[in-house]
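Data from structure.txt: compact mmCIF, C-alpha atoms
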```
# COMPACT_ATOMS: atom_id res chain seq x y z
CA MET A 262 29.66 49.40 -3.34
CA LYS A 263 29.83 46.50 -0.90
CA ILE A 264 26.76 46.17 1.33
CA LEU A 265 26.84 43.95 4.41
CA LEU A 266 23.26 42.85 5.17
CA ASP A 267 22.44 41.66 8.67
CA PRO A 268 20.49 38.34 9.04
CA GLN A 269 18.32 39.32 12.05
CA THR A 270 15.00 39.29 10.22
CA TYR A 271 15.76 35.92 8.61
CA ASN A 272 16.51 34.48 12.03
CA GLU A 273 13.20 35.71 13.45
CA GLN A 274 10.70 35.53 10.58
CA LYS A 275 9.66 32.44 8.69
CA PHE A 276 7.73 34.85 6.48
CA GLY A 277 6.50 38.44 6.80
CA GLY A 278 6.71 41.98 5.49
CA ILE A 279 10.20 42.81 6.77
CA SER A 280 11.92 39.67 5.46
CA ARG A 281 9.99 40.08 2.20
CA TYR A 282 11.32 43.65 1.90
CA TYR A 283 14.94 42.65 2.37
CA THR A 284 14.66 39.67 0.04
CA GLU A 285 13.31 41.84 -2.76
CA LEU A 286 15.92 44.51 -1.96
CA TYR A 287 18.71 41.92 -2.05
CA LEU A 288 17.56 40.64 -5.45
CA GLU A 289 17.25 44.12 -6.99
CA LEU A 290 20.49 45.55 -5.58
CA ASN A 291 22.49 42.61 -6.89
CA LYS A 292 21.27 43.45 -10.42
CA ILE A 293 22.96 46.87 -10.27
CA ASP A 294 26.47 47.15 -11.72
CA GLY A 295 29.09 47.86 -9.09
CA VAL A 296 26.86 46.78 -6.19
CA SER A 297 27.26 43.57 -4.21
CA VAL A 298 25.29 42.41 -1.18
CA ASN A 299 26.65 39.96 1.37
CA CYS A 300 24.33 38.42 3.96
CA PRO A 301 26.32 35.90 6.03
CA ILE A 302 23.62 33.24 6.39
CA ALA A 303 24.56 29.63 7.10
CA TYR A 304 20.91 28.56 6.93
CA SER A 305 17.42 30.02 7.38
CA ASP A 306 13.94 28.53 7.08
CA ASN A 307 12.57 31.85 5.76
CA LEU A 308 10.07 31.18 2.98
CA HIS A 309 10.90 34.33 0.99
CA LEU A 310 14.56 33.31 0.76
CA LYS A 311 13.50 29.88 -0.43
CA GLU A 312 11.15 31.29 -3.08
CA ALA A 313 13.92 33.58 -4.32
CA GLY A 314 16.43 30.71 -4.45
CA LEU A 315 18.88 32.60 -2.23
CA PHE A 316 21.42 30.90 0.03
CA GLN A 317 20.68 27.42 -1.29
CA GLY A 318 23.24 24.77 -0.41
CA ILE A 319 23.72 21.20 0.66
CA GLN A 320 22.57 22.08 4.19
CA ASN A 321 19.13 23.01 2.82
CA VAL A 322 18.75 19.51 1.39
CA ILE A 323 19.78 17.94 4.68
CA PHE A 324 17.94 20.27 7.09
CA GLU A 325 14.68 20.21 5.12
CA SER A 326 14.57 16.47 4.53
CA PRO A 327 11.23 14.93 5.62
CA LEU A 328 13.33 12.15 7.18
CA LEU A 329 14.86 14.57 9.67
CA PRO A 330 13.02 14.39 13.04
CA LYS A 331 11.27 17.61 14.11
CA PHE A 332 13.17 17.89 17.39
CA LEU A 333 16.46 17.66 15.52
CA LYS A 334 15.36 20.22 12.93
CA LYS A 335 14.44 22.62 15.74
CA LYS A 336 17.82 22.11 17.38
CA ILE A 337 19.66 22.68 14.10
CA LEU A 338 17.67 25.84 13.40
CA LYS A 339 18.55 27.26 16.83
CA LYS A 340 22.26 26.55 16.25
CA THR A 341 22.27 28.04 12.73
CA LYS A 342 20.65 31.24 14.01
CA ARG A 343 23.56 31.70 16.40
CA LYS A 344 25.98 30.85 13.59
CA ASN A 345 24.39 33.50 11.34
CA ILE A 346 25.16 36.16 13.95
CA ARG A 347 28.68 34.83 14.52
CA ASN A 348 29.30 34.95 10.76
CA THR A 349 28.06 38.55 10.67
CA LYS A 350 30.33 39.61 13.54
CA LYS A 351 33.26 37.98 11.71
CA ALA A 352 32.37 39.94 8.53
CA LEU A 353 32.10 43.14 10.61
CA ARG A 354 35.55 42.60 12.09
CA ALA A 355 37.01 41.99 8.61
CA GLN A 356 35.72 45.48 7.62
CA ASP A 357 35.50 44.46 3.93
CA PHE A 358 32.31 46.42 3.22
CA ASP A 359 31.24 50.01 2.63
CA VAL A 360 27.93 50.16 4.52
CA PHE A 361 26.14 47.92 7.02
CA VAL A 362 22.37 47.42 6.86
CA PRO A 363 20.73 45.98 10.01
CA THR A 364 17.37 44.35 9.31
CA TYR A 365 15.91 44.85 12.79
CA TYR A 366 16.71 46.55 16.07
CA THR A 367 19.02 44.27 18.08
CA PRO A 368 22.20 46.37 18.50
CA TYR A 369 24.64 43.40 18.72
CA PHE A 370 26.71 44.82 15.85
CA LEU A 371 27.67 48.16 17.41
CA GLU A 372 30.73 46.84 19.23
CA THR A 373 32.26 45.39 16.03
CA LEU A 374 31.09 47.97 13.47
CA GLY A 375 34.10 50.23 13.88
CA ASP A 376 33.91 53.47 11.90
CA LYS A 377 31.77 52.01 9.11
CA PRO A 378 28.41 53.72 8.42
CA PHE A 379 25.11 51.94 8.95
CA VAL A 380 21.64 52.68 7.60
CA LEU A 381 18.65 51.74 9.76
CA THR A 382 15.19 51.18 8.29
CA VAL A 383 12.31 52.10 10.62
CA TYR A 384 9.12 50.29 9.61
CA ASP A 385 6.72 51.98 12.01
CA MET A 386 6.48 53.52 15.48
CA ILE A 387 3.70 51.27 16.71
CA HIS A 388 5.49 50.19 19.89
CA GLU A 389 5.81 53.84 20.88
CA ILE A 390 2.31 54.94 19.81
CA PHE A 391 0.46 51.93 21.26
CA PRO A 392 2.65 50.77 24.19
CA GLN A 393 -0.42 49.16 25.82
CA TYR A 394 -0.32 46.45 23.16
CA PHE A 395 3.32 45.54 23.85
CA THR A 396 3.65 45.44 27.63
CA ARG A 397 5.76 42.26 27.49
CA ASP A 398 8.19 43.69 24.96
CA LEU A 399 10.85 45.43 27.02
CA PHE A 400 13.48 45.92 24.32
CA THR A 401 12.14 46.93 20.89
CA SER A 402 11.51 50.62 21.63
CA LYS A 403 14.70 50.96 23.68
CA ASN A 404 16.87 49.33 21.00
CA LYS A 405 15.18 51.22 18.17
CA LYS A 406 15.83 54.57 19.87
CA LEU A 407 19.50 53.67 20.46
CA LEU A 408 20.02 52.64 16.83
CA MET A 409 18.20 55.69 15.44
CA GLU A 410 20.51 57.92 17.49
CA LYS A 411 23.65 56.12 16.30
CA ALA A 412 22.66 55.44 12.65
CA THR A 413 24.43 57.36 9.90
CA LYS A 414 21.13 57.57 8.00
CA ILE A 415 17.58 56.40 8.69
CA ILE A 416 15.13 55.12 6.08
CA ALA A 417 11.45 55.60 6.98
CA ILE A 418 9.03 53.60 4.83
CA SER A 419 6.51 56.47 4.65
CA GLU A 420 6.35 60.20 5.34
CA SER A 421 3.90 59.33 8.11
CA THR A 422 6.53 57.14 9.79
CA LYS A 423 9.12 59.90 9.45
CA GLN A 424 6.82 62.41 11.12
CA ASP A 425 6.05 59.92 13.91
CA ILE A 426 9.79 59.52 14.57
CA LEU A 427 10.30 63.29 14.76
CA LYS A 428 7.26 63.78 16.97
CA ILE A 429 8.30 61.09 19.46
CA TYR A 430 12.06 61.80 19.30
CA PRO A 431 12.47 65.49 18.36
CA HIS A 432 16.22 65.34 19.11
CA ILE A 433 16.75 63.19 15.98
CA GLU A 434 17.63 65.40 13.02
CA ALA A 435 15.03 65.48 10.24
CA LYS A 436 17.74 65.63 7.55
CA LYS A 437 19.04 62.27 8.78
CA ILE A 438 15.77 60.57 7.75
CA GLU A 439 14.93 59.68 4.13
CA VAL A 440 11.56 58.31 2.98
CA VAL A 441 11.68 55.22 0.75
CA TYR A 442 8.41 53.50 -0.14
CA LEU A 443 7.99 49.74 -0.32
CA SER A 444 6.24 47.73 -3.03
CA HIS A 445 4.42 44.39 -3.34
CA SER A 446 5.32 40.94 -4.61
CA ILE A 447 1.90 39.47 -5.41
CA LYS A 448 1.66 37.56 -8.69
CA THR A 449 -1.64 38.78 -10.13
CA THR A 450 -1.74 36.09 -12.84
CA ASN A 451 -1.49 33.32 -10.22
CA LEU A 452 -5.23 32.69 -9.98
CA VAL A 453 -6.14 29.24 -8.70
CA LYS A 454 -9.42 27.48 -8.06
CA LEU A 455 -10.50 27.89 -4.44
CA ASP A 456 -13.65 27.12 -2.50
CA LEU A 457 -14.85 30.69 -1.92
CA PRO A 458 -18.31 32.29 -1.62
CA GLU A 459 -19.59 34.17 -4.66
CA ASN A 460 -20.06 37.43 -2.73
CA TYR A 461 -17.66 38.33 0.05
CA ILE A 462 -15.84 41.11 1.88
CA LEU A 463 -12.17 40.27 2.42
CA PHE A 464 -10.07 40.63 5.58
CA VAL A 465 -6.43 39.51 5.27
CA GLY A 466 -3.86 38.36 7.83
CA ASN A 467 -3.45 38.98 11.53
CA ARG A 468 -6.69 39.98 13.30
CA SER A 469 -5.37 40.81 16.79
CA ILE A 470 -5.15 44.10 18.71
CA TYR A 471 -4.51 47.10 16.40
CA LYS A 472 -5.50 45.13 13.27
CA ASN A 473 -9.07 45.89 14.46
CA PHE A 474 -10.97 42.77 13.35
CA ILE A 475 -13.53 43.00 16.19
CA PHE A 476 -14.33 46.59 15.21
CA PHE A 477 -14.57 45.57 11.55
CA LEU A 478 -16.91 42.66 12.30
CA ASN A 479 -19.25 44.78 14.41
CA ALA A 480 -19.35 47.37 11.61
CA VAL A 481 -20.22 44.99 8.74
CA ALA A 482 -22.51 42.59 10.66
CA PRO A 483 -25.67 44.60 9.74
CA LEU A 484 -24.77 44.18 6.04
CA LEU A 485 -24.46 40.42 6.50
CA LYS A 486 -27.76 40.17 8.36
CA SER A 487 -29.58 42.13 5.66
CA ASN A 488 -28.03 40.03 2.88
CA PRO A 489 -27.73 36.27 3.62
CA ASP A 490 -25.75 35.78 0.38
CA LEU A 491 -22.94 38.09 1.57
CA PHE A 492 -19.96 36.64 3.47
CA VAL A 493 -16.82 37.77 5.25
CA VAL A 494 -13.70 35.81 4.31
CA ALA A 495 -10.82 36.06 6.77
CA ALA A 496 -7.76 34.92 4.82
CA GLY A 497 -4.85 33.91 7.03
CA GLY A 498 -4.46 34.72 10.71
CA ASN A 499 -5.32 31.13 11.74
CA LYS A 500 -8.65 29.90 13.15
CA PHE A 501 -11.03 32.24 14.96
CA ASN A 502 -10.23 32.45 18.68
CA ALA A 503 -12.75 32.09 21.51
CA GLU A 504 -13.48 35.84 21.69
CA GLU A 505 -14.09 36.05 17.96
CA LEU A 506 -16.30 32.94 17.91
CA GLU A 507 -18.38 34.31 20.80
CA LEU A 508 -18.90 37.63 18.98
CA ILE A 509 -19.75 35.91 15.69
CA LYS A 510 -22.38 33.87 17.55
CA GLU A 511 -23.79 36.94 19.35
CA LEU A 512 -24.08 38.83 16.06
CA GLY A 513 -25.93 35.90 14.49
CA VAL A 514 -23.65 35.66 11.46
CA SER A 515 -21.95 32.30 12.10
CA LYS A 516 -22.94 30.90 8.72
CA GLN A 517 -21.48 33.92 6.88
CA LEU A 518 -17.93 33.91 8.30
CA VAL A 519 -15.23 31.91 6.56
CA GLN A 520 -11.64 31.58 7.80
CA GLN A 521 -9.03 29.99 5.53
CA ASN A 522 -5.26 30.06 5.68
CA PHE A 523 -3.55 30.39 2.33
CA GLU A 524 -0.39 29.70 0.39
CA ASP A 525 1.40 32.64 -1.27
CA ASN A 526 0.26 31.58 -4.73
CA GLU A 527 -3.41 31.66 -3.60
CA LEU A 528 -3.54 35.21 -2.24
CA ALA A 529 -4.25 36.92 -5.58
CA THR A 530 -7.36 34.75 -5.96
CA TYR A 531 -8.75 35.97 -2.63
CA TYR A 532 -8.31 39.62 -3.65
CA SER A 533 -9.48 39.19 -7.25
CA ASN A 534 -12.83 37.62 -6.33
CA ALA A 535 -13.71 39.90 -3.40
CA LYS A 536 -16.25 42.72 -3.60
CA CYS A 537 -13.75 44.77 -1.59
CA PHE A 538 -10.84 44.41 0.82
CA VAL A 539 -11.14 46.12 4.19
CA PHE A 540 -7.90 47.13 5.92
CA ALA A 541 -9.29 48.20 9.28
CA SER A 542 -5.91 48.59 11.02
CA GLU A 543 -5.51 51.42 13.51
CA TYR A 544 -1.99 52.13 12.27
CA GLU A 545 0.53 50.96 9.67
CA GLY A 546 4.00 52.19 8.77
CA PHE A 547 3.18 51.43 5.13
CA GLY A 548 0.65 48.65 4.49
CA ILE A 549 1.74 46.28 1.70
CA PRO A 550 -1.74 44.61 1.58
CA VAL A 551 -3.11 47.91 0.22
CA LEU A 552 -0.85 47.55 -2.84
CA GLU A 553 -1.65 43.84 -3.15
CA SER A 554 -5.36 44.57 -3.24
CA MET A 555 -5.04 47.36 -5.81
CA ALA A 556 -2.74 45.24 -8.00
CA CYS A 557 -5.50 42.61 -8.17
CA GLY A 558 -8.16 45.17 -9.10
CA CYS A 559 -9.87 44.84 -5.72
CA PRO A 560 -11.23 48.10 -4.22
CA VAL A 561 -9.70 48.82 -0.81
CA VAL A 562 -11.52 50.36 2.16
CA LEU A 563 -9.26 51.88 4.81
CA ALA A 564 -9.09 54.61 7.42
CA GLN A 565 -7.81 58.04 6.45
CA HIS A 566 -4.84 58.12 8.81
CA SER A 567 -1.18 57.11 9.30
CA SER A 568 0.45 56.05 6.01
CA PHE A 569 -2.70 55.02 4.14
CA PRO A 570 -3.32 58.19 2.10
CA GLU A 571 0.31 58.06 0.88
CA VAL A 572 -0.07 54.49 -0.33
CA ALA A 573 -3.64 54.43 -1.66
CA GLY A 574 -3.91 58.04 -2.87
CA ASP A 575 -7.30 58.78 -4.43
CA ALA A 576 -7.75 55.05 -5.15
CA GLY A 577 -8.71 54.34 -1.52
CA VAL A 578 -12.25 54.36 -0.17
CA TYR A 579 -11.69 56.03 3.19
CA PHE A 580 -13.68 55.77 6.41
CA GLU A 581 -13.30 57.75 9.62
CA LEU A 582 -11.12 55.82 12.10
CA HIS A 583 -13.23 54.10 14.82
CA ASN A 584 -16.48 55.14 13.11
CA ALA A 585 -18.31 51.83 12.56
CA GLU A 586 -21.29 53.44 10.83
CA ASP A 587 -19.03 55.17 8.32
CA LEU A 588 -17.15 51.93 7.62
CA LYS A 589 -20.43 50.06 7.12
CA ASN A 590 -21.68 52.67 4.66
CA LYS A 591 -18.43 52.72 2.65
CA VAL A 592 -18.44 48.91 2.35
CA ALA A 593 -22.15 48.86 1.45
CA GLY A 594 -21.51 51.38 -1.33
CA LEU A 595 -19.00 49.06 -2.98
CA VAL A 596 -20.92 45.83 -2.38
CA GLU A 597 -24.15 47.22 -3.81
CA ASN A 598 -22.78 49.36 -6.66
CA PRO A 599 -20.81 47.60 -9.43
CA VAL A 600 -20.14 50.91 -11.20
CA LEU A 601 -18.46 52.31 -8.08
CA ARG A 602 -16.49 49.07 -7.65
CA ASN A 603 -15.21 49.28 -11.21
CA GLU A 604 -14.22 52.93 -10.74
CA PHE A 605 -12.10 52.21 -7.66
CA SER A 606 -10.71 49.05 -9.22
CA ARG A 607 -9.45 51.14 -12.16
CA LYS A 608 -8.02 53.82 -9.86
CA GLY A 609 -6.22 51.15 -7.83
CA LEU A 610 -4.61 49.59 -10.90
CA GLU A 611 -3.28 53.04 -11.84
CA GLN A 612 -2.08 53.91 -8.31
CA VAL A 613 -0.13 50.67 -7.80
CA LEU A 614 2.04 51.42 -10.86
CA LYS A 615 3.75 54.15 -8.81
CA PHE A 616 5.45 51.47 -6.68
CA SER A 617 8.05 48.84 -7.59
CA TRP A 618 10.85 46.98 -5.83
CA GLN A 619 13.24 48.27 -8.48
CA LYS A 620 12.41 51.85 -7.46
CA THR A 621 12.69 50.91 -3.78
CA ALA A 622 16.16 49.45 -4.37
CA GLN A 623 17.33 52.50 -6.35
CA ASP A 624 16.10 54.86 -3.64
CA CYS A 625 17.72 52.78 -0.88
CA LEU A 626 20.98 52.78 -2.84
CA LYS A 627 20.95 56.60 -2.91
CA VAL A 628 20.60 56.65 0.88
CA TYR A 629 23.47 54.16 1.25
CA GLN A 630 25.63 56.36 -0.99
CA LYS A 631 24.84 59.40 1.18
CA ALA A 632 25.77 57.42 4.30
CA ILE A 633 29.12 56.47 2.79
CA ALA A 634 29.76 60.06 1.70
CA ASN A 635 29.09 61.24 5.27
```

The structure in this file should be written as C-alpha cells.
Amino acid sequence: MKILLDPQTYNEQKFGGISRYYTELYLELNKIDGVSVNCPIAYSDNLHLKEAGLFQGIQNVIFESPLLPKFLKKKILKKTKRKNIRNTKKALRAQDFDVFVPTYYTPYFLETLGDKPFVLTVYDMIHEIFPQYFTRDLFTSKNKKLLMEKATKIIAISESTKQDILKIYPHIEAKKIEVVYLSHSIKTTNLVKLDLPENYILFVGNRSIYKNFIFFLNAVAPLLKSNPDLFVVAAGGNKFNAEELELIKELGVSKQLVQQNFEDNELATYYSNAKCFVFASEYEGFGIPVLESMACGCPVVLAQHSSFPEVAGDAGVYFELHNAEDLKNKVAGLVENPVLRNEFSRKGLEQVLKFSWQKTAQDCLKVYQKAIAN
C-alpha cells in the first residue's frame, strides 16, 4: 500500500499533538511490510520530525545554522511551506499512491485528488461545540464539514468525538466513521534534575479559554492557603498573563504558584514528582496528557465528560464539570492520602498499557484498507 501523507500539520505546527500523532504514525506504518508512506516535505521546522530523524537533508544543516540571520530563516520557512504544498499537488497529479491522508482541514487537495480515496482524521469538534472561543476563525468548521462530507472514511480519535460528529452533522453516515485511539510518546525513564517544590499539584500546557486554568486555580486556592508547603506548578503555556497574575494576587497565593516552560525530555520529571495532575479542560477529543500522566505513575484528576472516561477508565479521579468544590475535594483526597495516591498510580500504570502507537498505526491501516476497497 502506498500512502500519500499531506504536510499541512508540519507547515503549521512547530510542535503539538497533531504533528506528534502523524510523526508516530509515519514511523510505525513504515515498519509494516508492504506499506510505504510518502510525505512530500522540502523542509519543516517541526520538532517531532527532527526528534524522529525524518526528512533530514543538506537543507536542514543550512536552514538551521546559527549563522543564518533570523529574518532570512523566516523567509526561507515561508517559501518552503509553499513548496511543501506544491510538491504534494505534484504527487497528487502523478496519482502514484493508493490512499491520501490529509493532516488538517484545508481542502486544497480536492481539485487534484482525482478518484483516489482519502481518509480524514477528526481530532475534536471543539470549534462547533464552543464557537464563542473561535470567533476569528472563519474557516476551520466550514472546511472540516466539507472534508467530512467528501472523505471516503473518517477516523475519530475517540467514541466521544464520533458521537459529537453525528450529533452536529446527522447527515454524515455513522458507518463511515471509525474510532482509532491515540497513544503517548513520553519517555518515563528520562528523569532529570529540576528545581521543583517538594509538594505540588501539576497543571500542564495551554491555560487559555476551555483549558480552564482560572476555574482550576479558584478551586485549589483554599488547599494552598491551608497548606503553605503545597504549590501549583504550571508546566508550559508561557508566563502568567495579566489576568492570571491579578487573580493569583487576589487569592493570596503568589508565593505558591510556579510557572516553568519545559523541554520534551523534562516532562516526565514534572509528572513523576507531582502529587497529582489536574486536567481541568472543558472538552478534549482525546487528551494525550492523561496517558502521559498515567505512564509516569502520577494520579490524574479530570472531569467525567467528553473523551476522558474512554482514556482514563477507572484509573481517573473524576470531578463534576464546573463544580469547584468537587474538584477541590478530589485533589485534597490525593494530596493528603498517600495510600489513595498509590492506588490510582497503580491503576494508571495498568490503564496506559492499553494504548500504543503500534496499535494506533495498525488500526489506521485497517481504515485505509477499507477506504481503498470502497

Which residues, protein or nucleic acid, reach to within 10 Å of (7.1, 54.5, 21.2) in the file's coordinates when using only C-alpha atoms, and can you give that as number ranges by chain?
A: 385-392, 401-403, 405-406, 425-426, 429-430

Kindly assemble as CSV a list of the region 502-555 of chain A residues that lie within 9 Å of region 598-605 of chain A, each paired with its nearest atom pair and their distance in Å to one decimal, using all atoms listed in the file, sorted first by chain and then by ascending residue number.
```
residue,atom,partner,partner_atom,distance
A:Lys536,CA,A:Arg602,CA,7.5
A:Cys537,CA,A:Arg602,CA,7.9
A:Met555,CA,A:Phe605,CA,8.8
```

Students should find that CA of Asp456 (chain A) and CA of Ala585 (chain A) are spaced 29.3 Å

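For the pair CA of Asn584 (chain A) and CA of Gly278 (chain A), the separation is 27.7 Å.
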
Within 12 Å of (-21.2, 51.4, 5.2) (file coordinates; all atoms listed in the file), which protein or nucleic acid residues are there? I'd like them as a PyMOL selection string.
chain A and resi 477+479-485+539+562-563+578-581+584-597

Tell me which protein, DNA and RNA residues are within 8 Å of Asn404 (chain A), counting all atoms listed in the file, leaving out same-chain ones fewer than 6 positions away, and put them as an MDAnalysis selection string.
chainID A and resid 366:368

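Closest to Asn473 (chain A) among A:Val453, A:Ala503, A:Val362, A:Ala564 is A:Ala564, based on all atoms listed in the file.
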
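The interatomic distance for the pair CA of Phe276 (chain A) and CA of Lys336 (chain A) works out to 19.6 Å.
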
Could you pull the residues within 12 Å of Leu528 (chain A), counting all atoms listed in the file, minus those fewer than 2 positions along the same chain, as a short mmCIF file (atom, residue, chain, number, x, y, z; two decimals) with C-alpha atoms, in the frame of the given file?
```cif
data_model
loop_
_atom_site.label_atom_id
_atom_site.label_comp_id
_atom_site.auth_asym_id
_atom_site.auth_seq_id
_atom_site.Cartn_x
_atom_site.Cartn_y
_atom_site.Cartn_z
CA SER A 446 5.32 40.94 -4.61
CA ILE A 447 1.90 39.47 -5.41
CA LYS A 448 1.66 37.56 -8.69
CA THR A 449 -1.64 38.78 -10.13
CA THR A 450 -1.74 36.09 -12.84
CA ASN A 451 -1.49 33.32 -10.22
CA LEU A 452 -5.23 32.69 -9.98
CA VAL A 453 -6.14 29.24 -8.70
CA LYS A 454 -9.42 27.48 -8.06
CA LEU A 455 -10.50 27.89 -4.44
CA LEU A 463 -12.17 40.27 2.42
CA PHE A 464 -10.07 40.63 5.58
CA VAL A 465 -6.43 39.51 5.27
CA GLY A 466 -3.86 38.36 7.83
CA ALA A 495 -10.82 36.06 6.77
CA ALA A 496 -7.76 34.92 4.82
CA GLY A 497 -4.85 33.91 7.03
CA GLN A 521 -9.03 29.99 5.53
CA ASN A 522 -5.26 30.06 5.68
CA PHE A 523 -3.55 30.39 2.33
CA GLU A 524 -0.39 29.70 0.39
CA ASP A 525 1.40 32.64 -1.27
CA ASN A 526 0.26 31.58 -4.73
CA THR A 530 -7.36 34.75 -5.96
CA TYR A 531 -8.75 35.97 -2.63
CA TYR A 532 -8.31 39.62 -3.65
CA SER A 533 -9.48 39.19 -7.25
CA ASN A 534 -12.83 37.62 -6.33
CA ALA A 535 -13.71 39.90 -3.40
CA PRO A 550 -1.74 44.61 1.58
CA GLU A 553 -1.65 43.84 -3.15
CA SER A 554 -5.36 44.57 -3.24
CA ALA A 556 -2.74 45.24 -8.00
CA CYS A 557 -5.50 42.61 -8.17
#
```

Show me, as a PyMOL selection string, the residues that have an atom within 8 Å of Val493 (chain A) when counting all atoms listed in the file, minus same-chain residues fewer than 4 positions from it.
chain A and resi 461-464+517-519

Sort by chain and increasing residue number a table of all residues of region 390-479 of chain A within 9 Å of region 627-635 of chain A, each with its closest pair of atoms and their distance in Å to one decimal, counting only C-alpha atoms, and write it as JSON lines.
```
{"residue": "A:Thr413", "atom": "CA", "partner": "A:Ala632", "partner_atom": "CA", "distance": 5.8}
{"residue": "A:Lys414", "atom": "CA", "partner": "A:Ala632", "partner_atom": "CA", "distance": 5.9}
{"residue": "A:Ile415", "atom": "CA", "partner": "A:Val628", "partner_atom": "CA", "distance": 8.4}
{"residue": "A:Ile416", "atom": "CA", "partner": "A:Val628", "partner_atom": "CA", "distance": 7.7}
{"residue": "A:Glu439", "atom": "CA", "partner": "A:Val628", "partner_atom": "CA", "distance": 7.2}
```

Residues near region 612-619 of chain A, anyone? I mean within 12 Å using only C-alpha atoms, not counting same-chain ones fewer than 4 positions away, as a ChimeraX atom specification.
/A:281-293,441-447,549-561,570-577,605-608,623-626

Please save C-alpha atoms of the selected residues as a PDB file, keeping the file's coordinate frame.
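Output below, filename part-v5.pdb:
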```pdb
ATOM      1  CA  ARG A 281       9.990  40.080   2.200  1.00  0.00           C
ATOM      2  CA  TYR A 282      11.320  43.650   1.900  1.00  0.00           C
ATOM      3  CA  TYR A 283      14.940  42.650   2.370  1.00  0.00           C
ATOM      4  CA  THR A 284      14.660  39.670   0.040  1.00  0.00           C
ATOM      5  CA  GLU A 285      13.310  41.840  -2.760  1.00  0.00           C
ATOM      6  CA  LEU A 286      15.920  44.510  -1.960  1.00  0.00           C
ATOM      7  CA  TYR A 287      18.710  41.920  -2.050  1.00  0.00           C
ATOM      8  CA  LEU A 288      17.560  40.640  -5.450  1.00  0.00           C
ATOM      9  CA  GLU A 289      17.250  44.120  -6.990  1.00  0.00           C
ATOM     10  CA  LEU A 290      20.490  45.550  -5.580  1.00  0.00           C
ATOM     11  CA  ASN A 291      22.490  42.610  -6.890  1.00  0.00           C
ATOM     12  CA  LYS A 292      21.270  43.450 -10.420  1.00  0.00           C
ATOM     13  CA  ILE A 293      22.960  46.870 -10.270  1.00  0.00           C
ATOM     14  CA  VAL A 441      11.680  55.220   0.750  1.00  0.00           C
ATOM     15  CA  TYR A 442       8.410  53.500  -0.140  1.00  0.00           C
ATOM     16  CA  LEU A 443       7.990  49.740  -0.320  1.00  0.00           C
ATOM     17  CA  SER A 444       6.240  47.730  -3.030  1.00  0.00           C
ATOM     18  CA  HIS A 445       4.420  44.390  -3.340  1.00  0.00           C
ATOM     19  CA  SER A 446       5.320  40.940  -4.610  1.00  0.00           C
ATOM     20  CA  ILE A 447       1.900  39.470  -5.410  1.00  0.00           C
ATOM     21  CA  ILE A 549       1.740  46.280   1.700  1.00  0.00           C
ATOM     22  CA  PRO A 550      -1.740  44.610   1.580  1.00  0.00           C
ATOM     23  CA  VAL A 551      -3.110  47.910   0.220  1.00  0.00           C
ATOM     24  CA  LEU A 552      -0.850  47.550  -2.840  1.00  0.00           C
ATOM     25  CA  GLU A 553      -1.650  43.840  -3.150  1.00  0.00           C
ATOM     26  CA  SER A 554      -5.360  44.570  -3.240  1.00  0.00           C
ATOM     27  CA  MET A 555      -5.040  47.360  -5.810  1.00  0.00           C
ATOM     28  CA  ALA A 556      -2.740  45.240  -8.000  1.00  0.00           C
ATOM     29  CA  CYS A 557      -5.500  42.610  -8.170  1.00  0.00           C
ATOM     30  CA  GLY A 558      -8.160  45.170  -9.100  1.00  0.00           C
ATOM     31  CA  CYS A 559      -9.870  44.840  -5.720  1.00  0.00           C
ATOM     32  CA  PRO A 560     -11.230  48.100  -4.220  1.00  0.00           C
ATOM     33  CA  VAL A 561      -9.700  48.820  -0.810  1.00  0.00           C
ATOM     34  CA  PRO A 570      -3.320  58.190   2.100  1.00  0.00           C
ATOM     35  CA  GLU A 571       0.310  58.060   0.880  1.00  0.00           C
ATOM     36  CA  VAL A 572      -0.070  54.490  -0.330  1.00  0.00           C
ATOM     37  CA  ALA A 573      -3.640  54.430  -1.660  1.00  0.00           C
ATOM     38  CA  GLY A 574      -3.910  58.040  -2.870  1.00  0.00           C
ATOM     39  CA  ASP A 575      -7.300  58.780  -4.430  1.00  0.00           C
ATOM     40  CA  ALA A 576      -7.750  55.050  -5.150  1.00  0.00           C
ATOM     41  CA  GLY A 577      -8.710  54.340  -1.520  1.00  0.00           C
ATOM     42  CA  PHE A 605     -12.100  52.210  -7.660  1.00  0.00           C
ATOM     43  CA  SER A 606     -10.710  49.050  -9.220  1.00  0.00           C
ATOM     44  CA  ARG A 607      -9.450  51.140 -12.160  1.00  0.00           C
ATOM     45  CA  LYS A 608      -8.020  53.820  -9.860  1.00  0.00           C
ATOM     46  CA  GLN A 623      17.330  52.500  -6.350  1.00  0.00           C
ATOM     47  CA  ASP A 624      16.100  54.860  -3.640  1.00  0.00           C
ATOM     48  CA  CYS A 625      17.720  52.780  -0.880  1.00  0.00           C
ATOM     49  CA  LEU A 626      20.980  52.780  -2.840  1.00  0.00           C
TER      50      LEU A 626
END
```

Near Asn345 (chain A), within 7 Å and counting all atoms listed in the file, which residues show up once chain neighbours fewer than 5 positions away are dropped, as an mmCIF file with C-alpha atoms, in the coordinates of the input?
```cif
data_model
loop_
_atom_site.group_PDB
_atom_site.id
_atom_site.type_symbol
_atom_site.label_atom_id
_atom_site.label_comp_id
_atom_site.auth_asym_id
_atom_site.auth_seq_id
_atom_site.Cartn_x
_atom_site.Cartn_y
_atom_site.Cartn_z
ATOM 1 C CA PRO A 268 20.490 38.340 9.040
ATOM 2 C CA PRO A 301 26.320 35.900 6.030
ATOM 3 C CA ILE A 302 23.620 33.240 6.390
ATOM 4 C CA ALA A 303 24.560 29.630 7.100
#
```

Looking at A:Ser421, A:Asn307, A:Asn299, A:Gln269, which one is nearest to Tyr365 (chain A), with distances taken over only C-alpha atoms?
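That would be A:Gln269, the residue with the smallest distance to Tyr365 (chain A).
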
Between A:Lys377, A:Lys486, A:Arg468, A:Lys275, single out the one closest to Glu505 (chain A), counting all atoms listed in the file.
A:Arg468

Provide an axis-aligned box for all listed atoms of region 605-609 of chain A, padding each side by 5 Å; report its centre and its edge lengths in Å to one decimal, as JSON.
```
{"center_x": -9.2, "center_y": 51.4, "center_z": -9.9, "size_x": 15.9, "size_y": 14.8, "size_z": 14.5}
```
